[in-house]
Structures are given as C-alpha cells and as structure tokens.
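The file structure_7.txt comes next; it holds compact mmCIF, C-alpha atoms.
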```txt
# COMPACT_ATOMS: atom_id res chain seq x y z
CA MET A 129 -2.95 -27.62 2.73
CA SER A 130 -2.87 -24.16 4.28
CA TRP A 131 -3.73 -21.05 2.37
CA PRO A 132 -2.11 -18.88 1.15
CA LEU A 133 0.27 -21.41 -0.34
CA GLY A 134 3.09 -18.86 -0.54
CA LEU A 135 4.62 -20.50 -3.59
CA GLY A 136 8.28 -19.89 -4.32
CA GLY A 137 10.75 -20.79 -7.05
CA ALA A 138 9.63 -21.88 -10.50
CA GLY A 139 6.07 -22.62 -9.35
CA GLY A 140 5.70 -19.09 -8.04
CA LEU A 141 7.07 -17.61 -11.26
CA LEU A 142 4.68 -19.73 -13.32
CA VAL A 143 1.76 -18.43 -11.24
CA GLY A 144 3.14 -14.91 -11.78
CA LEU A 145 3.17 -15.40 -15.53
CA LEU A 146 -0.37 -16.80 -15.58
CA ALA A 147 -1.70 -14.14 -13.18
CA GLY A 148 -0.12 -11.50 -15.41
CA VAL A 149 -1.70 -12.98 -18.55
CA ALA A 150 -5.12 -12.97 -16.85
CA PHE A 151 -4.54 -9.44 -15.51
CA GLY A 152 -3.57 -8.07 -18.95
CA PHE A 153 -6.33 -9.95 -20.76
CA VAL A 154 -9.06 -8.75 -18.39
CA LEU A 155 -7.86 -5.14 -18.41
CA GLU A 156 -7.79 -5.08 -22.21
CA ARG A 157 -11.19 -6.72 -22.57
CA GLY A 158 -12.60 -4.36 -19.95
CA GLY A 159 -11.46 -1.38 -22.03
CA LEU A 160 -8.66 -0.30 -19.72
CA GLY A 161 -6.05 -0.65 -22.45
CA ASP A 162 -7.40 2.53 -24.01
CA PRO A 163 -5.87 5.73 -22.58
CA LYS A 164 -8.79 7.79 -23.91
CA LYS A 165 -11.16 5.65 -21.88
CA LEU A 166 -8.94 5.85 -18.81
CA THR A 167 -8.55 9.62 -18.88
CA ALA A 168 -12.26 10.09 -19.65
CA LEU A 169 -12.83 9.45 -15.94
CA PHE A 170 -11.27 12.81 -15.17
CA TYR A 171 -13.74 14.53 -17.54
CA LEU A 172 -16.65 12.67 -15.89
CA GLU A 173 -17.45 10.95 -19.18
CA ASP A 174 -16.53 7.33 -18.51
CA PHE A 175 -16.40 5.54 -15.16
CA THR A 176 -15.13 2.18 -16.41
CA MET A 177 -11.89 2.40 -14.44
CA LEU A 178 -13.72 2.92 -11.13
CA GLN A 179 -16.35 0.28 -11.91
CA VAL A 180 -13.75 -2.34 -12.79
CA MET A 181 -11.45 -1.44 -9.92
CA PHE A 182 -14.05 -1.27 -7.16
CA THR A 183 -15.80 -4.44 -8.34
CA ALA A 184 -12.44 -6.25 -8.29
CA ILE A 185 -11.59 -4.89 -4.83
CA ALA A 186 -15.01 -5.94 -3.49
CA VAL A 187 -14.78 -9.45 -4.99
CA ALA A 188 -11.24 -10.09 -3.74
CA ALA A 189 -11.92 -8.58 -0.30
CA ALA A 190 -15.16 -10.54 0.12
CA GLY A 191 -13.46 -13.72 -1.08
CA LEU A 192 -10.58 -13.36 1.37
CA GLY A 193 -13.01 -12.47 4.19
CA ALA A 194 -15.30 -15.43 3.50
CA LEU A 195 -12.41 -17.91 3.19
CA SER A 196 -10.99 -16.57 6.43
CA LEU A 197 -14.33 -17.04 8.24
CA LEU A 198 -14.47 -20.60 6.92
CA GLY A 199 -11.00 -21.18 8.34
CA VAL A 200 -9.55 -21.88 4.90
CA VAL A 201 -7.15 -18.94 4.62
CA ASP A 202 -4.90 -17.47 7.31
CA LEU A 203 -5.12 -13.71 6.86
CA THR A 204 -2.01 -13.12 8.98
CA GLU A 205 -0.04 -14.77 6.16
CA ILE A 206 -1.45 -12.35 3.56
CA ALA A 207 0.86 -9.41 2.77
CA VAL A 208 -0.83 -6.09 3.53
CA GLN A 209 0.80 -3.02 2.03
CA PRO A 210 2.32 -1.04 4.92
CA THR A 211 0.72 2.36 5.37
CA TYR A 212 2.93 5.42 5.09
CA LEU A 213 0.20 8.01 5.00
CA TRP A 214 2.01 11.07 3.66
CA PRO A 215 4.23 9.31 1.10
CA GLN A 216 1.21 7.42 -0.22
CA ALA A 217 -1.00 10.51 -0.31
CA VAL A 218 1.69 12.63 -2.00
CA GLY A 219 2.69 9.77 -4.32
CA GLY A 220 -0.95 9.20 -5.22
CA LEU A 221 -1.42 12.88 -5.98
CA ILE A 222 1.64 13.02 -8.27
CA LEU A 223 0.62 9.74 -9.90
CA GLY A 224 -2.80 11.21 -10.68
CA VAL A 225 -1.10 14.18 -12.35
CA GLY A 226 1.03 11.87 -14.50
CA PHE A 227 -1.97 9.69 -15.33
CA ALA A 228 -3.99 12.66 -16.61
CA LEU A 229 -0.99 13.86 -18.64
CA GLY A 230 0.08 10.63 -20.29
CA GLY A 231 -3.02 8.46 -20.19
CA TYR A 232 -0.94 5.85 -18.33
CA MET B 206 -14.50 -0.78 -36.10
CA ASN B 207 -15.91 -3.65 -38.17
CA GLY B 208 -15.33 -7.07 -36.67
CA THR B 209 -14.25 -5.67 -33.32
CA ARG B 210 -15.73 -7.27 -30.23
CA PRO B 211 -17.24 -4.76 -27.80
CA TYR B 212 -15.64 -4.31 -24.40
CA TRP B 213 -16.96 -6.42 -21.55
CA SER B 214 -19.34 -4.88 -19.07
CA PRO B 215 -17.12 -3.20 -16.44
CA TYR B 216 -18.77 -5.36 -13.78
CA VAL B 217 -17.89 -8.56 -15.64
CA ALA B 218 -14.32 -7.30 -16.08
CA GLY B 219 -14.25 -6.33 -12.39
CA LEU B 220 -15.46 -9.77 -11.36
CA ALA B 221 -12.81 -11.46 -13.52
CA LEU B 222 -10.12 -9.13 -12.18
CA GLY B 223 -11.27 -9.74 -8.60
CA VAL B 224 -11.08 -13.52 -9.07
CA THR B 225 -7.58 -13.14 -10.59
CA LEU B 226 -6.50 -10.98 -7.64
CA LEU B 227 -8.03 -13.39 -5.12
CA ALA B 228 -6.31 -16.38 -6.76
CA THR B 229 -2.98 -14.51 -6.67
CA TYR B 230 -3.39 -13.76 -2.96
CA LEU B 231 -4.30 -17.40 -2.25
CA LEU B 232 -1.43 -18.89 -4.23
CA MET B 233 1.30 -16.35 -3.49
CA GLY B 234 0.27 -14.55 -0.31
CA PHE B 235 0.54 -11.19 -2.05
CA GLY B 236 -1.37 -9.39 -4.81
CA LEU B 237 -0.83 -8.01 -8.30
CA GLY B 238 1.53 -5.16 -9.16
CA ALA B 239 3.04 -3.29 -12.07
CA SER B 240 5.44 -0.43 -11.31
CA GLY B 241 7.80 -2.65 -9.30
CA ALA B 242 8.82 -4.36 -12.54
CA PHE B 243 9.88 -1.03 -14.04
CA ALA B 244 11.85 -0.22 -10.86
CA GLN B 245 13.62 -3.60 -11.14
CA ILE B 246 14.59 -2.84 -14.73
CA ALA B 247 15.55 0.77 -13.96
CA ALA B 248 17.88 -0.31 -11.13
CA ARG B 249 19.72 -2.64 -13.52
CA LEU B 250 19.92 0.05 -16.21
CA GLU B 251 21.46 2.41 -13.68
CA VAL B 252 24.09 -0.18 -12.78
CA ALA B 253 24.94 -0.58 -16.46
CA VAL B 254 25.23 3.19 -17.04
CA ALA B 255 26.56 4.47 -13.70
CA PRO B 256 27.70 1.52 -11.56
CA GLY B 257 29.43 3.67 -8.93
CA ARG B 258 26.39 5.79 -8.30
CA ALA B 259 24.03 2.78 -8.24
CA GLN B 260 26.19 0.94 -5.73
CA ALA B 261 26.27 4.01 -3.49
CA THR B 262 22.45 4.09 -3.43
CA PRO B 263 21.02 1.61 -0.90
CA TYR B 264 17.55 1.92 -2.43
CA LEU B 265 18.76 0.68 -5.81
CA MET B 266 20.96 -1.99 -4.23
CA GLY B 267 17.85 -3.42 -2.62
CA TYR B 268 16.55 -4.25 -6.09
CA LEU B 269 19.89 -5.54 -7.32
CA GLU B 270 20.41 -7.82 -4.34
CA ALA B 271 17.06 -9.49 -5.10
CA GLY B 272 18.91 -11.50 -7.76
CA ARG B 273 18.44 -12.08 -11.46
CA LEU B 274 15.91 -9.95 -13.30
CA TRP B 275 14.05 -12.95 -14.73
CA ALA B 276 13.67 -14.51 -11.28
CA GLN B 277 11.69 -11.50 -10.02
CA TRP B 278 8.02 -12.38 -9.64
CA ILE B 279 6.74 -8.95 -10.63
CA VAL B 280 8.90 -8.84 -13.78
CA VAL B 281 7.55 -12.22 -14.93
CA GLU B 282 4.03 -11.06 -14.04
CA MET B 283 4.45 -7.90 -16.17
CA VAL B 284 5.63 -9.99 -19.13
CA GLY B 285 2.40 -11.93 -18.63
CA VAL B 286 0.43 -8.67 -18.62
CA LEU B 287 1.90 -7.70 -22.00
CA VAL B 288 1.11 -11.15 -23.42
CA GLY B 289 -2.40 -11.18 -21.92
CA ALA B 290 -3.26 -7.68 -23.09
CA GLY B 291 -1.95 -8.47 -26.57
CA LEU B 292 -3.96 -11.69 -26.61
CA GLY B 293 -7.07 -9.84 -25.45
CA ALA B 294 -6.73 -7.20 -28.16
CA TRP B 295 -5.88 -9.73 -30.86
CA THR B 296 -8.76 -12.11 -30.10
CA ALA B 297 -11.13 -9.11 -30.02
CA GLY B 298 -9.92 -7.87 -33.42
CA ARG B 299 -8.42 -4.74 -31.87
CA PHE B 300 -4.73 -5.48 -32.39
CA ALA B 301 -3.39 -2.59 -34.46
CA TRP B 302 -0.51 -0.12 -34.67
CA ARG B 303 -1.99 3.22 -33.72
CA LEU B 304 -1.58 6.19 -31.40
CA GLU B 305 -4.58 6.83 -29.15
CA LYS B 306 -5.05 10.56 -28.71
CA GLY B 307 -7.60 13.34 -28.58
CA PRO B 308 -8.71 14.94 -31.87
CA ARG B 309 -7.03 18.27 -31.24
CA ILE B 310 -3.46 17.26 -30.40
CA GLY B 311 -0.60 16.37 -32.75
CA ALA B 312 1.22 13.05 -32.54
CA GLY B 313 4.51 14.63 -31.42
CA ARG B 314 2.93 16.54 -28.58
CA ARG B 315 0.86 13.52 -27.55
CA LEU B 316 4.05 11.43 -27.35
CA ALA B 317 5.82 14.16 -25.38
CA PHE B 318 2.89 14.22 -22.96
CA ALA B 319 3.05 10.43 -22.71
CA PHE B 320 6.76 10.57 -21.87
CA LEU B 321 6.26 13.32 -19.30
CA GLY B 322 3.27 11.51 -17.80
CA GLY B 323 5.12 8.21 -17.74
CA ALA B 324 8.13 9.74 -15.98
CA THR B 325 5.79 11.42 -13.48
CA VAL B 326 3.95 8.16 -12.80
CA GLY B 327 7.26 6.30 -12.43
CA PHE B 328 8.54 8.85 -9.91
CA ALA B 329 5.24 8.87 -8.01
CA SER B 330 5.15 5.07 -7.82
CA ARG B 331 8.46 5.07 -5.96
CA VAL B 332 7.25 7.78 -3.57
CA ALA B 333 4.10 5.74 -2.80
CA GLN B 334 5.83 2.32 -2.91
CA GLY B 335 3.56 1.25 -5.75
CA CYS B 336 1.01 2.33 -8.31
CA THR B 337 -2.67 1.88 -9.06
CA SER B 338 -2.10 -1.90 -9.26
CA GLY B 339 0.11 -2.68 -6.28
CA VAL B 340 -1.15 -0.03 -3.87
CA ALA B 341 -4.70 0.92 -4.92
CA LEU B 342 -6.00 -2.42 -6.27
CA SER B 343 -4.09 -5.01 -4.24
CA GLY B 344 -3.88 -2.80 -1.13
CA GLY B 345 -7.52 -1.83 -1.45
CA ALA B 346 -8.59 -5.47 -1.46
CA VAL B 347 -6.85 -6.12 1.87
CA LEU B 348 -8.19 -2.82 3.25
CA ALA B 349 -4.75 -1.24 3.72
CA PRO B 350 -5.41 2.33 4.96
CA GLY B 351 -2.58 3.75 2.84
CA ALA B 352 -4.20 2.32 -0.28
CA TRP B 353 -7.35 4.37 0.29
CA ALA B 354 -5.35 7.52 1.03
CA PHE B 355 -3.46 6.85 -2.20
CA LEU B 356 -6.69 6.39 -4.18
CA ALA B 357 -8.25 9.60 -2.85
CA ALA B 358 -5.09 11.59 -3.62
CA PHE B 359 -4.82 9.94 -7.06
CA MET B 360 -8.33 11.15 -7.93
CA ALA B 361 -7.52 14.66 -6.68
CA GLY B 362 -4.33 14.80 -8.76
CA GLY B 363 -6.08 13.48 -11.86
CA PHE B 364 -9.05 15.82 -11.68
CA ALA B 365 -6.84 18.84 -10.91
CA THR B 366 -4.61 18.16 -13.92
CA ALA B 367 -7.28 17.04 -16.38
CA TRP B 368 -8.69 20.52 -16.96
CA ILE B 369 -5.24 21.95 -17.71
CA VAL B 370 -4.36 19.22 -20.24
CA ARG B 371 -7.88 18.79 -21.65
CA ARG B 372 -6.65 19.58 -25.18
CA ALA B 373 -4.67 16.34 -25.11
CA TRP B 374 -7.77 14.18 -24.83
CA ARG B 375 -10.99 16.10 -25.58
```
Rewrite the structure of this file - the entire thing - as structure tokens.
Amino acid sequence: MSWPLGLGGAGGLLVGLLAGVAFGFVLERGGLGDPKKLTALFYLEDFTMLQVMFTAIAVAAAGLGALSLLGVVDLTEIAVQPTYLWPQAVGGLILGVGFALGGY
Amino acid sequence: MNGTRPYWSPYVAGLALGVTLLATYLLMGFGLGASGAFAQIAARLEVAVAPGRAQATPYLMGYLEAGRLWAQWIVVEMVGVLVGAGLGAWTAGRFAWRLEKGPRIGAGRRLAFAFLGGATVGFASRVAQGCTSGVALSGGAVLAPGAWAFLAAFMAGGFATAWIVRRAWR
C-alpha cells in the first residue's frame, strides 16, 4: 500500500464526510465556533485561533515529514497549494478585513 | 452557562486538528478546505439565475464541469463540518439559538456586519484560491510559501480593521 492512498469515488466522499465531522467537532470543542473568541485575537485578548492553528500545522507537517523519512508516504503525491504571491497576499488581506467585520 | 463543558485546551484541539489534517492528507492526498464548497454552490446558483452569464464565464464553468454538487469532495466535507460542529456543541451542552455579538451593538447591525464580512471573505477566498482552511491551514502544513504570505496578510487585514469595527465586538 502506498501513501497517500488518493481515494476516489464513494470511498473518498465517505472520508470527506468523516474528515469534515472531525474538523467541525474539533473546531467547536476548541472554541473556534464562537465569533467573539475568534475576533478577540485582533484585540490581543485571546490567542486560541493561533494556538490551535499553529499546533495543527506543526503536528501535520511533522507527521508528513516523519512518514516521508520512514519511506511510508510519497510527498510528491501530496497536493501543495500553488503559490501566487500577490493574489494570496491581497486575498489574505481582504479576508482578514472580512473576518474582523463579520466574525467569520 | 450551567452544565456547559469548558472548551478544550487549544493545544489539545490543535493536536486533534493536526491528526485530522494528517489523516486527510494520507487518505486523499490533499488537505481540508471550506470556501471551495461555497464557490461550488455559488456557481450552481448563478447558472440557475443567469445561465447565459454563467456559461460565458470560464471560471464558473470550471466548477460546473466538475459534475454533480453532491459528488464534490469539499461539499460533502463541509456538510460533515456542520454535523461535527453541531455534534460538538450539542454534546457540550452549548447547542442553542442565539446571536453572538459584542455588548454595544444591536442585532440588526451585527447581522449586517456579518453579511458584509461574509461577502468580503467569500470574495477574498476566490482571490487567494482558498481561505484560512484550504490555504492557511492545509497549505501551511505542507509549507506552501503562498500560505504563509496569506497568513501574514490575513493578520495585517484583521488587525487593521479590528480597531475601526471594535464597537461590534468589545
């Protein structure tokens, strides 16, 4: 078996549903379902969003790195978001504005 | 707040989210997302309302040619997110009908801000090809340079706007 599996069809959709359930459950339990808590970051009162996000990034990145070193996962088969520097910088800026306005 | 479970430690939540993200990458070859589901739905709404215009827009046709809405991975994933978040709130005793807002803003204005903010986020997510989930979280975990540029700009935009709209939340 080679990783990533790259599931398609019904199996892939089932994984999508389950990944979504886990994603939503964890975000809610972590407090990220509360727009007051989310926007509190921008008033330097609550750093939950950064703590959750950077911990998750570190865990997933370390996991992928370790499994690649062990020869378990082929990183060339992992989709990496293409970089379009200006669109992503400008989009990120506008998204931050909307986030502060609406609380996501 | 009687009978409500406290939130998890952010590091526990981060660990759980990281494992979820890692499992998604291992099983699918790509990560988690969110805004793409709204784009999928919006493209189909546009076809229903203004078919001529939608068909003349290659960007929207890209979504439509992907096939049925319910066969789109990110749409199914977002349905899961709604179910999972609802389940999380319900099992923690937090499931309730209420409007989260700052103490100094009326409900109407808060909702107007939410609509404006939502439209802004939706627009921005198409400019950046994703949002805080697909670009910042999933892209960050595979060290995509654009993801980190996005995150830095996102912080700048949020902090710059927060002071102006502080009455909405503080």
Distance-based interface of chain B with chain A, 6 Å, counting only C-alpha atoms, as number ranges by chain: B: 212-213, 215-216, 218-220, 222-223, 227, 231-235, 278, 281-283, 285-286, 288-290, 293, 318-319, 322, 325-326, 329, 332-333, 344, 346, 351, 354-355, 358-359, 362-364, 366-367
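Minimum atom-to-atom distances from B:Gly307, B:Gly345, B:Pro350, B:Gly327 to Arg371 (chain B) were compared using only C-alpha atoms, and the lowest value belongs to B:Gly307.
One distance worth recording is that between CA of Ala352 (chain B) and CA of Phe328 (chain B), which is 17.3 Å.
Taking CA of Ile310 (chain B) as the reference point, CA of Ala373 (chain B) is found at 5.5 Å.
What separates CA of Gln245 (chain B) from CA of Ala271 (chain B) is a distance of 9.1 Å.
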Surrounding residues of Trp302 (chain B) excluding itself and chain neighbours under 6 positions, 12 Å, only C-alpha atoms, as a ChimeraX atom specification: /B:291,294-295
